[in-house]
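Visitor: Take a look at the following structure, please.
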Amino acid sequence: MADSALAAPITSAERTTQRARHAAMVRVTHWVAALCFFGLLVTGLEIVVSHPRFYWGETGNDLTKPLFQIPIPASRQLVPTAYDYVLPDENGWSRALHFQSAWAVVITGLAYVLFGLLTGHFRRNLLPHRADVSGGALRAAIADHLRFKRPGEAEAWSYNVLQRLSYLLVVFVVFPVMIWTGLAMSPAVVSAFPGLVTTLGGQQSARTIHFFLTWILVLFVVVHVMMICLAGFRRRTRAMITGRVAAEGERG
């Protein structure tokens with residue numbers, strides 16, 4: 001959940017005296033969310049190993065034809081995977097840690113969203129300018145990314161249009177649906193709020209959607225890290241740790 005403490009482009013003269021880049025709340029929530037995501041990813045994969053088959057609808061089990069399945073051995077003998085051996089069963093601790101990490105990232109996300117709304121953070125720093133979302137501007141930005149063009153100095157202080165759109169999509173669409181589908185798999189939550197799961201088509205549908213959203217987030221993180229490396233890994237990472245950008249002549 002990276003963000004910018006500045007909205008308008010900053011001149012070279014201003015950069016010599018102004019070094020603030022990320023607010024403290026942004027930096028804390030960014031790193032907590034990153035740690036939680038790593039925990040969710042590892043434990044989620046362990047949960048998938050226990051039953052690497054996905055279904056659509058309300059029910060799905062060992063005797064049900066799956067919508068699709070992951071071609072890996074399971075950690076449970078009764079799950080048909082076409083392998084004659086099983087992997088170690090780590091389902092117990094992985095489920096506990098998965099739920100703990102999930103609630104931690106939900107609380108962190110709520111804190112970030114409240115901060116962004118109350119301070120006008122999203123409107124100033126993540127909402128793209130109208131000129132930036134024109135067809136020509138978007139095509140140029142996409143072309144620059146596909147060519148792995150190194151970001152200019154101005155982007156050390158403000159996000160480009162593709163970053164803004166992707167961050168808004170993750171914060172306000174992918175993460176909320178991820179939380180929704182996660183809650184829809186909880187029997188306690190479903191018994192209290194059945195509409196959470198019926199809207200999605202059933203608990204197994206929620207699990208399948210949850211799985212695909214996970215890989216959307218993985219792709220987002222991979223591209224995010226690649227762009228940080230392209231822009232200067234040490235410099236950008238230092239800015240997210242200290243809140244300040246290195247001197248203009250200093251490269252990561």
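Residue numbering restarts at 1 for every chain of the structure tokens, chains are lettered A, B, ... in their displayed order, and ligands are numbered from 1 as they appear.
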If you run DSSP on this backbone, which residues of range 57-248 of chain A come out as helix (DSSP H, G or I), and could you give them as a compact mmCIF listing (two decimals) with C-alpha atoms, in the first residue's frame?

Guide:
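The result, written out as result_2.txt:
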# COMPACT_ATOMS: atom_id res chain seq x y z
CA ASN A 91 -3.34 -27.69 7.48
CA GLY A 92 -3.67 -27.01 11.22
CA TRP A 93 -1.12 -24.26 11.81
CA SER A 94 -1.60 -22.82 8.33
CA ARG A 95 -5.32 -22.20 8.88
CA ALA A 96 -4.71 -20.56 12.26
CA LEU A 97 -1.98 -18.28 10.92
CA HIS A 98 -4.02 -17.55 7.78
CA PHE A 99 -6.95 -16.25 9.83
CA GLN A 100 -4.67 -14.22 12.11
CA SER A 101 -2.89 -12.65 9.14
CA ALA A 102 -6.23 -11.94 7.48
CA TRP A 103 -7.61 -10.01 10.44
CA ALA A 104 -4.32 -8.14 10.81
CA VAL A 105 -4.40 -7.00 7.17
CA VAL A 106 -8.09 -6.04 7.46
CA ILE A 107 -7.37 -3.79 10.45
CA THR A 108 -4.32 -2.35 8.69
CA GLY A 109 -6.32 -1.73 5.53
CA LEU A 110 -9.09 0.01 7.42
CA ALA A 111 -6.56 2.28 9.11
CA TYR A 112 -5.02 3.11 5.74
CA VAL A 113 -8.38 3.83 4.09
CA LEU A 114 -9.54 6.02 6.97
CA PHE A 115 -6.26 7.92 6.83
CA GLY A 116 -6.60 8.36 3.08
CA LEU A 117 -10.20 9.59 3.27
CA LEU A 118 -9.79 11.88 6.26
CA HIS A 121 -4.83 11.46 0.55
CA PHE A 122 -6.51 9.41 -2.18
CA ARG A 123 -7.99 12.42 -3.93
CA ARG A 124 -4.68 14.29 -4.04
CA ASN A 125 -2.22 11.49 -4.63
CA ARG A 130 -8.30 13.75 -16.36
CA ALA A 131 -5.60 14.33 -18.98
CA ASP A 132 -3.70 11.26 -17.76
CA VAL A 133 -6.56 8.86 -18.46
CA GLY A 135 -6.44 7.18 -24.68
CA GLY A 136 -3.16 8.64 -25.89
CA ALA A 137 -1.74 9.15 -22.40
CA LEU A 138 -2.66 5.61 -21.33
CA ARG A 139 -1.17 4.08 -24.48
CA ALA A 140 2.07 6.01 -23.93
CA ALA A 141 2.27 4.94 -20.29
CA ILE A 142 1.63 1.29 -21.18
CA ALA A 143 4.26 1.44 -23.93
CA ASP A 144 6.83 2.86 -21.50
CA HIS A 145 6.15 0.03 -19.06
CA LEU A 146 6.36 -2.65 -21.73
CA GLU A 153 13.08 11.95 -11.57
CA ALA A 154 9.54 13.36 -11.25
CA GLU A 155 8.18 9.88 -10.52
CA ALA A 156 10.29 9.73 -7.37
CA VAL A 161 -1.20 7.03 -14.11
CA LEU A 162 -0.79 3.23 -14.25
CA GLN A 163 0.44 3.13 -10.67
CA ARG A 164 -2.48 5.27 -9.52
CA LEU A 165 -5.05 3.15 -11.33
CA SER A 166 -3.56 -0.14 -10.13
CA TYR A 167 -3.33 1.04 -6.50
CA LEU A 168 -6.93 2.28 -6.56
CA LEU A 169 -8.06 -1.02 -8.09
CA VAL A 170 -6.24 -3.06 -5.45
CA VAL A 171 -7.34 -0.93 -2.48
CA PHE A 172 -10.98 -0.42 -3.43
CA VAL A 173 -11.85 -3.47 -5.54
CA VAL A 174 -9.50 -6.46 -5.18
CA PHE A 175 -8.92 -6.29 -1.42
CA PRO A 176 -12.62 -5.75 -0.54
CA VAL A 177 -13.70 -8.68 -2.75
CA MET A 178 -10.86 -10.75 -1.28
CA ILE A 179 -12.18 -10.04 2.23
CA TRP A 180 -15.74 -10.73 1.09
CA THR A 181 -14.88 -14.12 -0.39
CA GLY A 182 -12.81 -14.99 2.66
CA LEU A 183 -15.72 -14.23 4.99
CA ALA A 184 -18.06 -16.19 2.70
CA PRO A 187 -19.48 -21.09 8.52
CA ALA A 188 -19.98 -18.74 11.49
CA VAL A 189 -20.17 -15.64 9.30
CA VAL A 190 -22.36 -17.34 6.70
CA SER A 191 -24.86 -18.50 9.33
CA ALA A 192 -25.21 -14.91 10.54
CA GLY A 195 -26.41 -13.16 1.79
CA LEU A 196 -22.61 -12.89 1.79
CA VAL A 197 -22.30 -16.30 0.18
CA THR A 198 -25.52 -16.62 -1.81
CA GLN A 203 -19.15 -21.28 -0.59
CA GLN A 204 -17.23 -23.21 -3.21
CA SER A 205 -17.68 -20.36 -5.68
CA ALA A 206 -16.29 -18.01 -3.04
CA ARG A 207 -13.25 -20.26 -2.58
CA THR A 208 -12.61 -20.35 -6.33
CA ILE A 209 -12.92 -16.57 -6.69
CA HIS A 210 -10.64 -16.16 -3.67
CA PHE A 211 -8.02 -18.33 -5.36
CA PHE A 212 -7.99 -16.28 -8.57
CA LEU A 213 -7.89 -12.99 -6.68
CA THR A 214 -4.82 -14.28 -4.85
CA TRP A 215 -2.94 -14.64 -8.12
CA ILE A 216 -4.06 -11.19 -9.24
CA LEU A 217 -2.45 -9.83 -6.08
CA VAL A 218 0.67 -11.93 -6.65
CA LEU A 219 0.96 -10.49 -10.15
CA PHE A 220 0.50 -7.00 -8.75
CA VAL A 221 3.28 -7.53 -6.20
CA VAL A 222 5.65 -9.01 -8.81
CA VAL A 223 5.16 -6.05 -11.17
CA HIS A 224 5.41 -3.64 -8.23
CA VAL A 225 8.78 -5.05 -7.17
CA MET A 226 10.03 -5.14 -10.77
CA MET A 227 9.24 -1.45 -11.22
CA ILE A 228 10.94 -0.61 -7.92
CA CYS A 229 14.06 -2.41 -9.10
CA LEU A 230 13.90 -0.55 -12.42
CA ALA A 231 13.48 2.83 -10.73
CA GLY A 232 16.23 2.17 -8.18
CA PHE A 233 15.56 -0.42 -5.50
CA ARG A 234 17.67 1.05 -2.70
CA ARG A 235 16.42 4.58 -3.24
CA ARG A 236 12.73 3.70 -3.41
CA THR A 237 12.90 1.21 -0.55
CA ARG A 238 14.74 3.71 1.62
CA ALA A 239 12.00 6.25 0.90
CA MET A 240 9.37 3.77 2.09
CA ILE A 241 11.36 3.11 5.27
CA THR A 242 12.50 6.62 6.20

Visitor: Using only C-alpha atoms, which residues sit within 9 Å of Phe68 in chain A once same-chain residues fewer than 3 positions away are excluded, as a list of chain:residue names?

Guide: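 So the residues in contact are A:Pro52, A:Arg53, A:Phe54, A:Tyr55, A:Lys65.
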
Visitor: Please identify all polymer residues within 8 Å of Ser50 in chain A, counting only C-alpha atoms, omitting same-chain residues fewer than 4 positions from it, and present them as number ranges by chain.

Guide: A: 46, 74-76, 89-91

Visitor: How about saving the chosen residues, C-alpha atoms kept, as a CSV table (one decimal), in the first residue's frame?

Guide:
chain,number,residue,atom,x,y,z
A,46,GLU,CA,-0.6,-24.9,2.4
A,74,ALA,CA,-2.6,-33.4,-1.8
A,75,SER,CA,-1.8,-33.7,1.9
A,76,ARG,CA,-4.8,-35.9,2.5
A,89,ASP,CA,-0.2,-32.2,6.2
A,90,GLU,CA,0.3,-28.6,7.5
A,91,ASN,CA,-3.3,-27.7,7.5

Visitor: May I ask for the distance between CA of His51 in chain A and CA of Pro71 in chain A, given in Å to one decimal place?

Guide: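 So the two atoms, CA of His51 in chain A and CA of Pro71 in chain A, lie 11.1 Å apart.
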
Visitor: Write out as a list in words which residues come within 10 Å of His30 in chain A when counting only C-alpha atoms, dropping same-chain ones fewer than 2 positions away.

Guide: Met1, Ala2, Asp3, Ala24, Met25, Val26, Arg27, Val28, Val32, Ala33, Ala34, Leu35, Cys36, Thr108, Gly109, Tyr112, Met240 and Ile241 of chain A

Visitor: Those residues with N, CA and C atoms, as an mmCIF file, in the first residue's frame please?

Guide:
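As written to disk, part.cif reads:
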data_model
loop_
_atom_site.group_PDB
_atom_site.id
_atom_site.type_symbol
_atom_site.label_atom_id
_atom_site.label_comp_id
_atom_site.auth_asym_id
_atom_site.auth_seq_id
_atom_site.Cartn_x
_atom_site.Cartn_y
_atom_site.Cartn_z
ATOM 1 N N MET A 1 0.833 -1.169 0.000
ATOM 2 C CA MET A 1 0.000 0.000 0.000
ATOM 3 C C MET A 1 0.878 1.232 0.000
ATOM 4 N N ALA A 2 1.622 1.437 -1.000
ATOM 5 C CA ALA A 2 2.478 2.582 -1.095
ATOM 6 C C ALA A 2 1.652 3.794 -1.427
ATOM 7 N N ASP A 3 2.168 4.980 -1.052
ATOM 8 C CA ASP A 3 1.464 6.198 -1.362
ATOM 9 C C ASP A 3 2.422 7.356 -1.330
ATOM 10 N N ALA A 24 4.053 8.788 7.668
ATOM 11 C CA ALA A 24 4.335 7.686 8.596
ATOM 12 C C ALA A 24 3.254 6.614 8.530
ATOM 13 N N MET A 25 1.993 7.019 8.451
ATOM 14 C CA MET A 25 0.903 6.040 8.369
ATOM 15 C C MET A 25 1.025 5.187 7.123
ATOM 16 N N VAL A 26 1.409 5.799 6.014
ATOM 17 C CA VAL A 26 1.567 5.061 4.765
ATOM 18 C C VAL A 26 2.679 4.025 4.897
ATOM 19 N N ARG A 27 3.794 4.424 5.497
ATOM 20 C CA ARG A 27 4.929 3.505 5.624
ATOM 21 C C ARG A 27 4.595 2.347 6.555
ATOM 22 N N VAL A 28 3.956 2.628 7.674
ATOM 23 C CA VAL A 28 3.621 1.560 8.622
ATOM 24 C C VAL A 28 2.642 0.578 8.006
ATOM 25 N N VAL A 32 3.344 -3.461 7.194
ATOM 26 C CA VAL A 32 2.501 -4.436 7.891
ATOM 27 C C VAL A 32 1.694 -5.248 6.877
ATOM 28 N N ALA A 33 1.139 -4.563 5.867
ATOM 29 C CA ALA A 33 0.375 -5.260 4.837
ATOM 30 C C ALA A 33 1.259 -6.217 4.044
ATOM 31 N N ALA A 34 2.495 -5.802 3.763
ATOM 32 C CA ALA A 34 3.418 -6.673 3.031
ATOM 33 C C ALA A 34 3.717 -7.938 3.832
ATOM 34 N N LEU A 35 3.947 -7.785 5.126
ATOM 35 C CA LEU A 35 4.219 -8.944 5.988
ATOM 36 C C LEU A 35 2.998 -9.855 6.066
ATOM 37 N N CYS A 36 1.815 -9.255 6.215
ATOM 38 C CA CYS A 36 0.587 -10.049 6.276
ATOM 39 C C CYS A 36 0.343 -10.790 4.968
ATOM 40 N N THR A 108 -5.296 -3.254 9.315
ATOM 41 C CA THR A 108 -4.320 -2.352 8.688
ATOM 42 C C THR A 108 -4.927 -1.621 7.504
ATOM 43 N N GLY A 109 -5.683 -2.349 6.687
ATOM 44 C CA GLY A 109 -6.317 -1.731 5.531
ATOM 45 C C GLY A 109 -7.341 -0.688 5.922
ATOM 46 N N TYR A 112 -5.534 2.421 6.918
ATOM 47 C CA TYR A 112 -5.020 3.112 5.736
ATOM 48 C C TYR A 112 -6.121 3.856 4.995
ATOM 49 N N MET A 240 10.496 4.380 1.404
ATOM 50 C CA MET A 240 9.366 3.767 2.087
ATOM 51 C C MET A 240 9.689 3.413 3.532
ATOM 52 N N ILE A 241 10.960 3.375 3.885
ATOM 53 C CA ILE A 241 11.363 3.108 5.269
ATOM 54 C C ILE A 241 11.505 4.399 6.060
#

Visitor: So, with only C-alpha atoms as the atoms that count, which of A:Asn61, A:Thr199, A:Asn160, A:Ser186 lies closest to His129 in chain A?

Guide: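 Among A:Asn61, A:Thr199, A:Asn160, A:Ser186, it is A:Asn160 that comes nearest to His129 in chain A.
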